[in-house]
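To be precise, the following lines are run17.csv, and they hold CSV, C-alpha atoms and all ligand atoms.
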chain,number,residue,atom,x,y,z
A,1,MET,CA,2.6,-7.2,35.9
A,2,ASN,CA,-0.9,-6.6,34.5
A,3,VAL,CA,-0.5,-4.8,31.3
A,4,PRO,CA,-2.8,-1.7,31.0
A,5,THR,CA,-5.8,-2.1,28.7
A,6,LEU,CA,-7.5,0.2,26.2
A,7,THR,CA,-11.2,0.0,25.7
A,8,LEU,CA,-12.3,-0.3,22.0
A,9,ASN,CA,-15.3,1.4,20.6
A,10,ASN,CA,-17.5,-1.7,21.1
A,11,GLY,CA,-16.5,-2.0,24.8
A,12,VAL,CA,-14.0,-4.8,24.3
A,13,THR,CA,-10.8,-4.3,26.2
A,14,MET,CA,-7.4,-4.9,24.6
A,15,PRO,CA,-4.0,-4.9,26.2
A,16,ALA,CA,-2.2,-1.6,25.2
A,17,LEU,CA,1.1,-3.3,24.6
A,18,GLY,CA,1.6,-6.5,22.6
A,19,LEU,CA,4.2,-8.6,20.7
A,20,GLY,CA,4.4,-8.3,16.9
A,21,VAL,CA,5.6,-11.2,14.9
A,22,PHE,CA,6.2,-9.7,11.4
A,23,GLN,CA,9.5,-11.2,10.1
A,24,SER,CA,9.7,-13.6,13.1
A,25,PRO,CA,11.0,-16.7,11.5
A,26,PRO,CA,8.4,-19.5,12.0
A,27,GLU,CA,11.0,-21.6,13.8
A,28,GLU,CA,11.6,-18.8,16.4
A,29,THR,CA,8.0,-17.6,16.6
A,30,ALA,CA,6.5,-20.1,19.1
A,31,ALA,CA,9.4,-19.6,21.5
A,32,ALA,CA,9.1,-15.8,21.3
A,33,VAL,CA,5.3,-15.9,21.9
A,34,ALA,CA,5.7,-18.3,24.8
A,35,GLU,CA,8.5,-16.1,26.3
A,36,ALA,CA,6.4,-13.0,25.9
A,37,LEU,CA,3.4,-14.6,27.6
A,38,ALA,CA,5.5,-15.9,30.4
A,39,ILE,CA,6.6,-12.3,31.3
A,40,GLY,CA,3.2,-10.8,31.1
A,41,TYR,CA,2.4,-9.9,27.5
A,42,ARG,CA,-1.3,-10.6,26.7
A,43,LEU,CA,-1.6,-9.3,23.1
A,44,ILE,CA,-0.1,-11.0,20.1
A,45,ASP,CA,-0.3,-9.3,16.6
A,46,THR,CA,0.1,-11.7,13.7
A,47,ALA,CA,-1.2,-11.8,10.1
A,48,ALA,CA,-2.0,-14.4,7.4
A,49,ALA,CA,0.7,-12.7,5.4
A,50,TYR,CA,3.4,-13.4,8.0
A,51,HIS,CA,3.0,-17.2,7.5
A,52,ASN,CA,3.5,-17.9,11.2
A,53,GLU,CA,-0.1,-18.1,12.6
A,54,ARG,CA,0.4,-21.8,13.3
A,55,GLU,CA,3.5,-21.0,15.4
A,56,VAL,CA,1.7,-18.2,17.3
A,57,GLY,CA,-0.9,-20.8,18.3
A,58,GLU,CA,1.7,-23.2,19.3
A,59,GLY,CA,3.5,-20.6,21.4
A,60,ILE,CA,0.2,-19.7,23.2
A,61,ARG,CA,-0.4,-23.4,24.0
A,62,ARG,CA,3.2,-23.9,25.1
A,63,ALA,CA,2.9,-20.9,27.5
A,64,GLY,CA,-0.1,-22.6,29.3
A,65,VAL,CA,-2.0,-19.3,29.5
A,66,GLY,CA,-5.7,-19.7,29.2
A,67,ARG,CA,-7.3,-18.8,25.8
A,68,ASP,CA,-9.4,-16.1,27.5
A,69,GLN,CA,-6.2,-14.5,28.9
A,70,VAL,CA,-4.6,-13.8,25.5
A,71,PHE,CA,-5.8,-11.2,23.0
A,72,ILE,CA,-5.1,-12.6,19.5
A,73,GLU,CA,-5.1,-10.1,16.6
A,74,THR,CA,-4.6,-11.2,13.0
A,75,LYS,CA,-5.1,-9.8,9.5
A,76,VAL,CA,-6.8,-10.8,6.3
A,77,TRP,CA,-4.4,-10.5,3.3
A,78,VAL,CA,-5.5,-8.7,0.1
A,79,SER,CA,-5.7,-11.8,-2.0
A,80,ASP,CA,-8.5,-13.0,0.3
A,81,TYR,CA,-10.5,-9.8,-0.1
A,82,GLY,CA,-14.2,-10.2,-1.1
A,83,TYR,CA,-17.1,-11.2,1.2
A,84,ASP,CA,-17.0,-15.0,0.9
A,85,GLU,CA,-13.2,-15.0,0.6
A,86,THR,CA,-13.0,-13.1,4.0
A,87,LEU,CA,-15.3,-15.5,5.7
A,88,HIS,CA,-13.0,-18.3,4.5
A,89,ALA,CA,-9.9,-16.3,5.5
A,90,PHE,CA,-11.3,-16.5,9.1
A,91,ASP,CA,-11.5,-20.3,8.8
A,92,LYS,CA,-7.9,-20.5,7.6
A,93,ALA,CA,-6.6,-18.2,10.3
A,94,THR,CA,-8.5,-20.0,13.2
A,95,SER,CA,-7.5,-23.4,12.0
A,96,LYS,CA,-3.8,-22.4,11.8
A,97,LEU,CA,-4.0,-20.7,15.2
A,98,GLY,CA,-5.9,-23.6,16.7
A,99,VAL,CA,-8.6,-21.3,18.2
A,100,GLU,CA,-12.3,-20.9,17.6
A,101,GLN,CA,-12.7,-17.2,18.1
A,102,LEU,CA,-10.4,-14.2,17.3
A,103,ASP,CA,-10.2,-11.2,19.5
A,104,LEU,CA,-9.5,-8.8,16.6
A,105,LEU,CA,-9.5,-9.4,12.9
A,106,ILE,CA,-8.4,-6.5,10.6
A,107,LEU,CA,-7.9,-5.9,6.9
A,108,HIS,CA,-4.2,-5.7,6.3
A,109,GLN,CA,-4.4,-2.7,4.0
A,110,PRO,CA,-6.7,-1.0,1.5
A,111,ALA,CA,-6.6,-2.5,-1.9
A,112,THR,CA,-6.7,0.8,-3.7
A,113,ASP,CA,-6.8,-0.8,-7.2
A,114,ARG,CA,-10.1,-2.6,-6.2
A,115,PHE,CA,-11.5,-0.8,-3.3
A,116,GLU,CA,-14.9,-2.5,-3.7
A,117,LYS,CA,-13.3,-5.7,-2.7
A,118,THR,CA,-11.9,-4.0,0.4
A,119,ILE,CA,-15.4,-3.0,1.2
A,120,ALA,CA,-16.8,-6.5,0.6
A,121,ALA,CA,-14.0,-7.9,2.8
A,122,TYR,CA,-15.0,-5.5,5.6
A,123,GLN,CA,-18.6,-6.6,5.2
A,124,GLY,CA,-17.4,-10.1,5.8
A,125,LEU,CA,-15.7,-8.9,9.0
A,126,GLU,CA,-19.1,-7.4,10.0
A,127,THR,CA,-20.8,-10.8,9.6
A,128,LEU,CA,-18.1,-12.5,11.6
A,129,LEU,CA,-18.5,-9.9,14.3
A,130,ARG,CA,-22.3,-10.3,14.3
A,131,ASP,CA,-21.9,-14.1,14.5
A,132,GLY,CA,-19.6,-13.8,17.5
A,133,LYS,CA,-16.7,-15.4,15.7
A,134,VAL,CA,-14.5,-12.3,16.3
A,135,ARG,CA,-14.8,-9.9,19.2
A,136,ALA,CA,-13.7,-6.8,17.3
A,137,ILE,CA,-12.9,-5.8,13.7
A,138,GLY,CA,-10.7,-3.2,12.2
A,139,VAL,CA,-8.3,-2.0,9.5
A,140,SER,CA,-4.7,-1.3,8.9
A,141,ASN,CA,-2.8,1.2,6.8
A,142,PHE,CA,-6.0,3.2,6.2
A,143,MET,CA,-5.4,6.9,5.4
A,144,PRO,CA,-8.3,9.3,6.3
A,145,HIS,CA,-9.7,9.1,2.8
A,146,HIS,CA,-9.8,5.3,2.9
A,147,LEU,CA,-11.5,5.4,6.2
A,148,ALA,CA,-14.1,7.9,5.0
A,149,GLU,CA,-14.8,5.7,2.0
A,150,LEU,CA,-15.1,2.6,4.2
A,151,LEU,CA,-17.4,4.4,6.6
A,152,ASP,CA,-19.7,5.4,3.7
A,153,GLY,CA,-20.1,1.8,2.5
A,154,THR,CA,-20.3,-0.2,5.8
A,155,GLN,CA,-22.1,-0.3,9.2
A,156,VAL,CA,-19.5,-0.9,11.9
A,157,VAL,CA,-16.9,1.7,12.7
A,158,PRO,CA,-13.5,-0.1,12.8
A,159,ALA,CA,-12.2,-0.6,16.4
A,160,VAL,CA,-8.6,-0.2,15.4
A,161,ASN,CA,-6.5,1.2,12.6
A,162,GLN,CA,-3.0,-0.2,12.7
A,163,VAL,CA,-0.5,2.2,10.9
A,164,GLU,CA,3.2,2.9,10.6
A,165,LEU,CA,3.9,5.2,13.6
A,166,HIS,CA,7.2,6.0,15.3
A,167,PRO,CA,8.9,9.2,16.2
A,168,TYR,CA,10.1,9.9,12.6
A,169,PHE,CA,6.6,9.3,11.1
A,170,THR,CA,3.8,10.3,13.5
A,171,GLN,CA,0.9,10.6,11.0
A,172,PRO,CA,-1.0,13.4,12.8
A,173,ALA,CA,-3.8,13.5,10.2
A,174,VAL,CA,-4.4,9.8,10.5
A,175,GLN,CA,-4.4,10.0,14.3
A,176,ALA,CA,-6.9,12.9,14.1
A,177,ALA,CA,-9.2,11.1,11.7
A,178,ASN,CA,-9.1,7.9,13.8
A,179,ALA,CA,-9.9,9.9,17.0
A,180,GLU,CA,-12.7,11.7,15.3
A,181,HIS,CA,-14.4,8.5,14.4
A,182,GLY,CA,-13.6,6.6,17.7
A,183,VAL,CA,-11.0,4.3,16.0
A,184,LEU,CA,-8.0,3.4,18.2
A,185,THR,CA,-4.6,4.1,16.6
A,186,GLN,CA,-2.3,1.1,16.9
A,187,ALA,CA,1.4,1.7,16.0
A,188,TRP,CA,3.2,-0.7,13.8
A,189,SER,CA,7.0,-0.4,13.8
A,190,PRO,CA,6.4,1.4,17.1
A,191,ILE,CA,10.2,1.5,17.8
A,192,GLY,CA,11.0,2.3,14.2
A,193,GLY,CA,11.9,-1.2,13.0
A,194,ILE,CA,11.0,-0.2,9.5
A,195,THR,CA,13.7,2.6,9.6
A,196,PHE,CA,16.5,0.1,9.9
A,197,TYR,CA,15.2,-3.2,8.3
A,198,PRO,CA,17.6,-4.1,5.5
A,199,GLY,CA,16.4,-3.5,2.0
A,200,TRP,CA,14.3,-0.5,2.8
A,201,GLY,CA,16.8,2.2,1.7
A,202,GLU,CA,20.3,2.3,3.1
A,203,ASP,CA,20.5,6.1,3.4
A,204,ARG,CA,17.8,6.3,6.1
A,205,ARG,CA,18.5,7.2,9.7
A,206,SER,CA,17.4,4.6,12.3
A,207,VAL,CA,15.1,6.1,15.0
A,208,MET,CA,17.0,3.9,17.5
A,209,GLN,CA,20.1,6.1,17.0
A,210,ASP,CA,18.3,9.4,17.4
A,211,PRO,CA,20.2,11.8,19.7
A,212,THR,CA,17.1,13.3,21.3
A,213,LEU,CA,15.7,9.9,22.1
A,214,ARG,CA,19.0,8.7,23.4
A,215,GLN,CA,19.3,11.8,25.6
A,216,ILE,CA,15.8,11.3,27.1
A,217,ALA,CA,16.5,7.6,27.6
A,218,GLY,CA,19.7,8.4,29.4
A,219,GLU,CA,17.9,10.7,31.8
A,220,HIS,CA,15.5,7.9,32.8
A,221,ALA,CA,18.1,5.2,32.7
A,222,LYS,CA,16.1,3.5,30.0
A,223,THR,CA,16.7,2.6,26.3
A,224,ALA,CA,15.5,4.5,23.3
A,225,ALA,CA,13.1,1.6,22.5
A,226,GLN,CA,11.6,1.9,26.0
A,227,VAL,CA,11.2,5.7,25.7
A,228,MET,CA,9.4,5.2,22.3
A,229,LEU,CA,7.0,2.7,23.8
A,230,ARG,CA,6.3,4.9,26.8
A,231,TRP,CA,5.6,7.8,24.3
A,232,HIS,CA,3.0,5.6,22.5
A,233,LEU,CA,1.3,4.5,25.8
A,234,GLN,CA,1.2,7.9,27.3
A,235,GLN,CA,-0.5,9.3,24.2
A,236,GLY,CA,-3.2,6.6,24.3
A,237,ARG,CA,-2.0,4.4,21.4
A,238,SER,CA,-1.5,0.6,21.3
A,239,ALA,CA,2.0,-0.6,20.3
A,240,ILE,CA,3.2,-4.0,19.2
A,241,PRO,CA,7.0,-4.1,19.1
A,242,LYS,CA,8.5,-7.2,17.5
A,243,SER,CA,11.4,-9.1,18.9
A,244,THR,CA,12.5,-12.7,18.9
A,245,ASN,CA,15.2,-12.0,21.4
A,246,PRO,CA,14.3,-12.8,25.0
A,247,ARG,CA,16.2,-9.9,26.5
A,248,ARG,CA,14.6,-7.4,24.1
A,249,ILE,CA,11.2,-9.0,24.6
A,250,ALA,CA,11.6,-8.3,28.3
A,251,GLU,CA,13.1,-4.8,27.7
A,252,ASN,CA,10.1,-3.8,25.6
A,253,PHE,CA,7.7,-4.9,28.4
A,254,ASP,CA,9.6,-3.0,31.1
A,255,VAL,CA,8.0,0.3,30.4
A,256,PHE,CA,5.5,0.8,33.2
A,257,GLY,CA,7.8,2.1,35.9
A,258,PHE,CA,8.6,5.5,34.5
A,259,THR,CA,6.8,8.5,33.1
A,260,LEU,CA,7.9,11.0,30.4
A,261,THR,CA,7.2,14.7,31.0
A,262,ASP,CA,5.0,16.7,28.7
A,263,ASP,CA,8.1,18.5,27.5
A,264,GLU,CA,9.7,15.1,26.7
A,265,LEU,CA,6.6,14.0,24.8
A,266,ALA,CA,6.6,17.2,22.8
A,267,ARG,CA,10.3,16.8,22.0
A,268,ILE,CA,9.6,13.3,20.6
A,269,ASP,CA,6.6,14.6,18.7
A,270,ALA,CA,8.9,17.2,17.1
A,271,LEU,CA,11.1,14.5,15.6
A,272,ASP,CA,8.4,13.8,13.0
A,273,THR,CA,9.8,14.0,9.4
A,274,GLY,CA,6.5,13.5,7.7
A,275,VAL,CA,8.2,10.9,5.5
A,276,ARG,CA,7.1,7.3,5.8
A,277,SER,CA,9.6,4.5,5.7
A,278,GLY,CA,7.2,1.7,4.8
A,279,PRO,CA,5.0,1.2,1.7
A,280,ASP,CA,2.6,3.9,0.7
A,281,PRO,CA,-1.0,2.6,1.2
A,282,ASP,CA,-2.1,4.4,-1.9
A,283,VAL,CA,0.3,2.6,-4.2
A,284,PRO,CA,-1.0,-0.9,-5.2
A,285,ARG,CA,1.6,-3.6,-5.1
A,286,PRO,CA,0.3,-6.2,-7.6
A,287,ASP,CA,3.0,-8.8,-6.9
A,288,ARG,CA,2.7,-8.6,-3.2
A,289,PHE,CA,-1.2,-8.4,-3.3
A,290,ALA,CA,-1.2,-11.6,-5.4
A,291,MET,CA,0.5,-13.6,-2.6
A,292,VAL,CA,-1.7,-16.6,-1.9
A,293,ILE,CA,-2.5,-17.5,1.7
A,294,PRO,CA,-2.3,-21.3,2.0
A,295,GLU,CA,-5.3,-23.3,3.3
A,296,ALA,CA,-3.2,-25.0,6.1
B,301,LIG,P1,9.5,-2.7,15.4
B,301,LIG,O1,8.8,-3.5,16.4
B,301,LIG,O2,9.5,-1.2,15.6
B,301,LIG,O3,11.1,-3.1,15.5
B,301,LIG,C1,11.4,-4.5,15.3
B,301,LIG,C2,13.0,-4.5,15.1
B,301,LIG,O4,13.6,-4.0,16.3
B,301,LIG,C3,13.5,-5.9,15.0
B,301,LIG,O5,14.6,-5.8,14.1
B,301,LIG,C4,13.9,-6.3,16.4
B,301,LIG,O6,15.0,-7.2,16.3
B,301,LIG,C5,14.4,-4.9,16.9
B,301,LIG,N1,14.2,-4.7,18.3
B,301,LIG,C6,13.1,-5.1,19.1
B,301,LIG,N2,13.3,-4.6,20.3
B,301,LIG,C7,14.4,-3.9,20.4
B,301,LIG,C8,15.1,-3.2,21.4
B,301,LIG,N3,14.5,-3.1,22.6
B,301,LIG,N4,16.2,-2.6,21.1
B,301,LIG,C9,16.8,-2.7,19.9
B,301,LIG,N5,16.2,-3.4,18.9
B,301,LIG,C10,15.0,-4.0,19.1
B,301,LIG,O7,9.1,-3.0,13.9
B,301,LIG,P2,8.2,-4.0,13.1
B,301,LIG,O8,8.5,-5.4,13.4
B,301,LIG,O9,8.2,-3.6,11.7
B,301,LIG,O10,6.7,-3.7,13.7
B,301,LIG,C11,6.2,-4.3,14.9
B,301,LIG,C12,5.0,-5.1,14.5
B,301,LIG,O11,4.0,-4.3,13.8
B,301,LIG,C13,5.2,-6.3,13.5
B,301,LIG,O12,5.9,-7.4,14.1
B,301,LIG,C14,3.8,-6.6,13.0
B,301,LIG,O13,3.1,-7.3,14.0
B,301,LIG,C15,3.3,-5.2,12.9
B,301,LIG,N6,3.4,-4.6,11.5
B,301,LIG,C16,2.3,-4.4,10.8
B,301,LIG,C17,2.4,-3.9,9.5
B,301,LIG,C18,1.1,-3.7,8.7
B,301,LIG,O14,1.2,-3.4,7.5
B,301,LIG,N7,0.0,-3.7,9.4
B,301,LIG,C19,3.6,-3.6,8.9
B,301,LIG,C20,4.8,-3.8,9.7
B,301,LIG,C21,4.7,-4.3,11.0
B,301,LIG,P3,15.0,-8.5,17.3
B,301,LIG,O15,13.9,-9.4,16.9
B,301,LIG,O16,16.4,-9.1,16.9
B,301,LIG,O17,15.0,-8.0,18.7
Please render this file's structure as structure tokens.
Ligand code: NAP
Amino acid sequence: MNVPTLTLNNGVTMPALGLGVFQSPPEETAAAVAEALAIGYRLIDTAAAYHNEREVGEGIRRAGVGRDQVFIETKVWVSDYGYDETLHAFDKATSKLGVEQLDLLILHQPATDRFEKTIAAYQGLETLLRDGKVRAIGVSNFMPHHLAELLDGTQVVPAVNQVELHPYFTQPAVQAANAEHGVLTQAWSPIGGITFYPGWGEDRRSVMQDPTLRQIAGEHAKTAAQVMLRWHLQQGRSAIPKSTNPRRIAENFDVFGFTLTDDELARIDALDTGVRSGPDPDVPRPDRFAMVIPEA
């Protein structure tokens, strides 16, 4: 199965569906990545802050898939923001991954308590792009006002903005701002993982259990996760579901043989609560921001 691709605003193509590895324990990550590549995934989304870039690289090598066949996306953490720091963050990431070039390097989130460092970090990404060290650059967790401020202070429009996006939090204003500027929206927690991860509020409802999604899934003999991924893909978004379980890695890739109707897409859109489950990008998190990304 050749995974469909999306064309970024600089002409680079990216697989629409990929494997995320946030909270994939390092000891399980290489196996999950190799498993995913064996069944046809060609996009892996990691981050310096996930502390598993080394295992992602190991999984790619273990799968025996050529470097040019895999789209590697990773993220610069806030403690590495600044121009020189970001150039160095590229060196740290590539040495852990064991590759020379990255396909997509993005800023993990706006540092709202020191946005000038965010801008300087992005200017570092622009240099890496110009020097051919990365094929595309982008951002994550940027609200429309962050994007506007970034565009004011930099030259290259981000190729991607990766944001929390699942049926309970669809961020229409973010999607509209991205579209207006030619930025591809990539969904994190695309199947609502953040709505049931422990420690994020016990009174929340899991998207997985939603009756509407389950009904639509039943009608297609698919799972709620597969319906959510189909919803992203049919609406032109990239999605990067995480799993370390081989059965669920395969399930999340088996989404190309059915189509949701316009009515079903609209019913899923209508589930939006307007309430995020993950961290608010406008609220600085000093402890988390201070996390140091090791050299090796
Ligand atoms: P997610 O992919 O929506 O959900 C992952 C959770 O769902 C895990 O608990 C996984 O457990 C479970 N799962 C996976 N497939 C399933 C299926 N078919 N049926 C039932 N359960 C299933 O959430 P996420 O990990 O938060 O987000 C995905 C990726 O987005 C991350 O891995 C990361 O790459 C990225 N992300 C980025 C940010 C950011 O700030 N930029 C933040 C969060 C996430 P098992 O592993 O046991 O299957």
ask   = Within 8 Å of ligand LIG 301 (chain B), counting all atoms listed in the file, which protein or nucleic acid residues do you find, written as JSON, numbers by chain?
value = {"A": [19, 20, 21, 22, 23, 24, 44, 45, 46, 47, 75, 108, 109, 140, 141, 162, 163, 164, 166, 187, 188, 189, 190, 191, 192, 193, 194, 196, 197, 208, 223, 224, 225, 226, 239, 240, 241, 242, 243, 244, 245, 246, 248, 249, 251, 252, 278]}
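The space between CA of Val56 (chain A) and CA of Tyr168 (chain A) spans 29.7 Å.
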query = Can you list, as a list in words, every protein, DNA or RNA residue that comes within 8 Å of Met14 (chain A) when you count all atoms listed in the file, leaving out same-chain residues fewer than 6 positions away?
reply =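 The residues satisfying every condition are Thr5, Leu6, Thr7, Leu8, Leu43 and Phe71 of chain A.
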task = Could you give me, as number ranges by chain, the residues that sit within 12 Å of (-10.4, 8.3, 1.9) in the file's coordinates, counting all atoms listed in the file?
result = A: 110, 112, 115, 141-153, 173-174, 177-178, 281-282
query = To one decimal place, how far is CA of Asn161 (chain A) from CA of Leu104 (chain A) in Å?
reply =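 Atom-to-atom, CA of Asn161 (chain A) to CA of Leu104 (chain A), that is 11.2 Å.
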task = Select, from A:Ala217, A:Leu129, A:Ile293, A:Leu87, the residue with the minimum atom-to-atom distance to Asp103 (chain A), counting only C-alpha atoms.
result = A:Leu129
Can you report as lines of an AutoDock Vina configuration file the centre and edge lengths in Å, to one decimal, of an axis-aligned box around the listed atoms of region 179-187 of chain A padded with 5 Å on each side?
center_x = -6.5
center_y = 6.4
center_z = 16.3
size_x = 25.8
size_y = 20.6
size_z = 13.8
message = Ranking A:Asn52, A:Thr13, A:Gln234, A:Asn2 by minimum distance to Leu37 (chain A) and counting all atoms listed in the file, which one comes first?
response =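 The shortest atom-to-atom distance to Leu37 (chain A) comes from A:Asn2.
From CA of Leu17 (chain A) back to CA of Pro4 (chain A), the distance works out to 7.7 Å.
Each of A:His88, A:Arg205, A:Leu102, A:Tyr83 was checked against Tyr122 (chain A) using all atoms listed in the file; the smallest atom-to-atom distance is that of A:Tyr83.
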Place a sphere of radius 7 Å on (2.4, -19.9, 20.0) in the file coordinates and name every protein, DNA or RNA residue with an atom inside or on its surface, counting all atoms listed in the file; give the answer as an mmCIF file with C-alpha atoms, in the coordinates of the input.
data_model
loop_
_atom_site.group_PDB
_atom_site.id
_atom_site.type_symbol
_atom_site.label_atom_id
_atom_site.label_comp_id
_atom_site.auth_asym_id
_atom_site.auth_seq_id
_atom_site.Cartn_x
_atom_site.Cartn_y
_atom_site.Cartn_z
ATOM 1 C CA THR A 29 8.000 -17.600 16.600
ATOM 2 C CA ALA A 30 6.500 -20.100 19.100
ATOM 3 C CA VAL A 33 5.300 -15.900 21.900
ATOM 4 C CA ALA A 34 5.700 -18.300 24.800
ATOM 5 C CA GLU A 55 3.500 -21.000 15.400
ATOM 6 C CA VAL A 56 1.700 -18.200 17.300
ATOM 7 C CA GLY A 57 -0.900 -20.800 18.300
ATOM 8 C CA GLU A 58 1.700 -23.200 19.300
ATOM 9 C CA GLY A 59 3.500 -20.600 21.400
ATOM 10 C CA ILE A 60 0.200 -19.700 23.200
ATOM 11 C CA ARG A 61 -0.400 -23.400 24.000
ATOM 12 C CA ARG A 62 3.200 -23.900 25.100
#
Can you take the partial region 179-197 of chain A, add N, CA, C and O atoms, and return it as an mmCIF file, keeping the file's coordinate frame?
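And here is the file that came out, rebuild.cif:
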data_model
loop_
_atom_site.group_PDB
_atom_site.id
_atom_site.type_symbol
_atom_site.label_atom_id
_atom_site.label_comp_id
_atom_site.auth_asym_id
_atom_site.auth_seq_id
_atom_site.Cartn_x
_atom_site.Cartn_y
_atom_site.Cartn_z
ATOM 1 N N ALA A 179 -9.261 9.394 15.706
ATOM 2 C CA ALA A 179 -9.900 9.900 17.000
ATOM 3 C C ALA A 179 -11.270 10.440 16.691
ATOM 4 O O ALA A 179 -12.208 10.203 17.461
ATOM 5 N N GLU A 180 -11.394 11.136 15.584
ATOM 6 C CA GLU A 180 -12.700 11.700 15.300
ATOM 7 C C GLU A 180 -13.794 10.671 15.146
ATOM 8 O O GLU A 180 -14.947 10.910 15.517
ATOM 9 N N HIS A 181 -13.415 9.504 14.658
ATOM 10 C CA HIS A 181 -14.400 8.500 14.400
ATOM 11 C C HIS A 181 -14.410 7.397 15.557
ATOM 12 O O HIS A 181 -15.117 6.392 15.455
ATOM 13 N N GLY A 182 -13.601 7.599 16.588
ATOM 14 C CA GLY A 182 -13.600 6.600 17.700
ATOM 15 C C GLY A 182 -12.798 5.363 17.349
ATOM 16 O O GLY A 182 -13.063 4.286 17.898
ATOM 17 N N VAL A 183 -11.837 5.479 16.435
ATOM 18 C CA VAL A 183 -11.000 4.300 16.000
ATOM 19 C C VAL A 183 -9.683 4.420 16.799
ATOM 20 O O VAL A 183 -9.034 5.472 16.782
ATOM 21 N N LEU A 184 -9.302 3.343 17.452
ATOM 22 C CA LEU A 184 -8.000 3.400 18.200
ATOM 23 C C LEU A 184 -6.855 3.260 17.233
ATOM 24 O O LEU A 184 -6.842 2.400 16.347
ATOM 25 N N THR A 185 -5.867 4.121 17.425
ATOM 26 C CA THR A 185 -4.600 4.100 16.600
ATOM 27 C C THR A 185 -3.678 3.058 17.250
ATOM 28 O O THR A 185 -3.336 3.172 18.430
ATOM 29 N N GLN A 186 -3.256 2.093 16.447
ATOM 30 C CA GLN A 186 -2.300 1.100 16.900
ATOM 31 C C GLN A 186 -1.014 1.295 16.050
ATOM 32 O O GLN A 186 -1.112 1.327 14.817
ATOM 33 N N ALA A 187 0.128 1.415 16.712
ATOM 34 C CA ALA A 187 1.400 1.700 16.000
ATOM 35 C C ALA A 187 2.079 0.464 15.544
ATOM 36 O O ALA A 187 2.415 -0.393 16.365
ATOM 37 N N TRP A 188 2.313 0.365 14.218
ATOM 38 C CA TRP A 188 3.200 -0.700 13.800
ATOM 39 C C TRP A 188 4.620 -0.063 13.546
ATOM 40 O O TRP A 188 4.729 1.138 13.335
ATOM 41 N N SER A 189 5.653 -0.907 13.629
ATOM 42 C CA SER A 189 7.000 -0.400 13.800
ATOM 43 C C SER A 189 7.073 0.676 14.853
ATOM 44 O O SER A 189 7.591 1.771 14.647
ATOM 45 N N PRO A 190 6.556 0.370 16.038
ATOM 46 C CA PRO A 190 6.400 1.400 17.100
ATOM 47 C C PRO A 190 7.798 1.883 17.588
ATOM 48 O O PRO A 190 7.895 2.995 18.113
ATOM 49 N N ILE A 191 8.825 1.037 17.444
ATOM 50 C CA ILE A 191 10.200 1.500 17.800
ATOM 51 C C ILE A 191 11.015 1.699 16.580
ATOM 52 O O ILE A 191 12.240 1.667 16.629
ATOM 53 N N GLY A 192 10.326 1.902 15.474
ATOM 54 C CA GLY A 192 11.000 2.300 14.200
ATOM 55 C C GLY A 192 11.705 1.202 13.502
ATOM 56 O O GLY A 192 12.601 1.462 12.697
ATOM 57 N N GLY A 193 11.297 -0.047 13.712
ATOM 58 C CA GLY A 193 11.900 -1.200 13.000
ATOM 59 C C GLY A 193 12.072 -0.940 11.527
ATOM 60 O O GLY A 193 13.109 -1.229 10.930
ATOM 61 N N ILE A 194 11.041 -0.398 10.939
ATOM 62 C CA ILE A 194 11.000 -0.200 9.500
ATOM 63 C C ILE A 194 12.125 0.789 9.059
ATOM 64 O O ILE A 194 12.551 0.791 7.913
ATOM 65 N N THR A 195 12.619 1.595 9.999
ATOM 66 C CA THR A 195 13.700 2.600 9.600
ATOM 67 C C THR A 195 15.056 1.928 9.620
ATOM 68 O O THR A 195 16.016 2.591 9.242
ATOM 69 N N PHE A 196 15.150 0.678 10.057
ATOM 70 C CA PHE A 196 16.500 0.100 9.900
ATOM 71 C C PHE A 196 16.425 -1.366 9.395
ATOM 72 O O PHE A 196 17.434 -2.042 9.332
ATOM 73 N N TYR A 197 15.223 -1.837 8.971
ATOM 74 C CA TYR A 197 15.200 -3.200 8.300
ATOM 75 C C TYR A 197 16.007 -3.088 7.033
ATOM 76 O O TYR A 197 15.879 -2.129 6.270
#
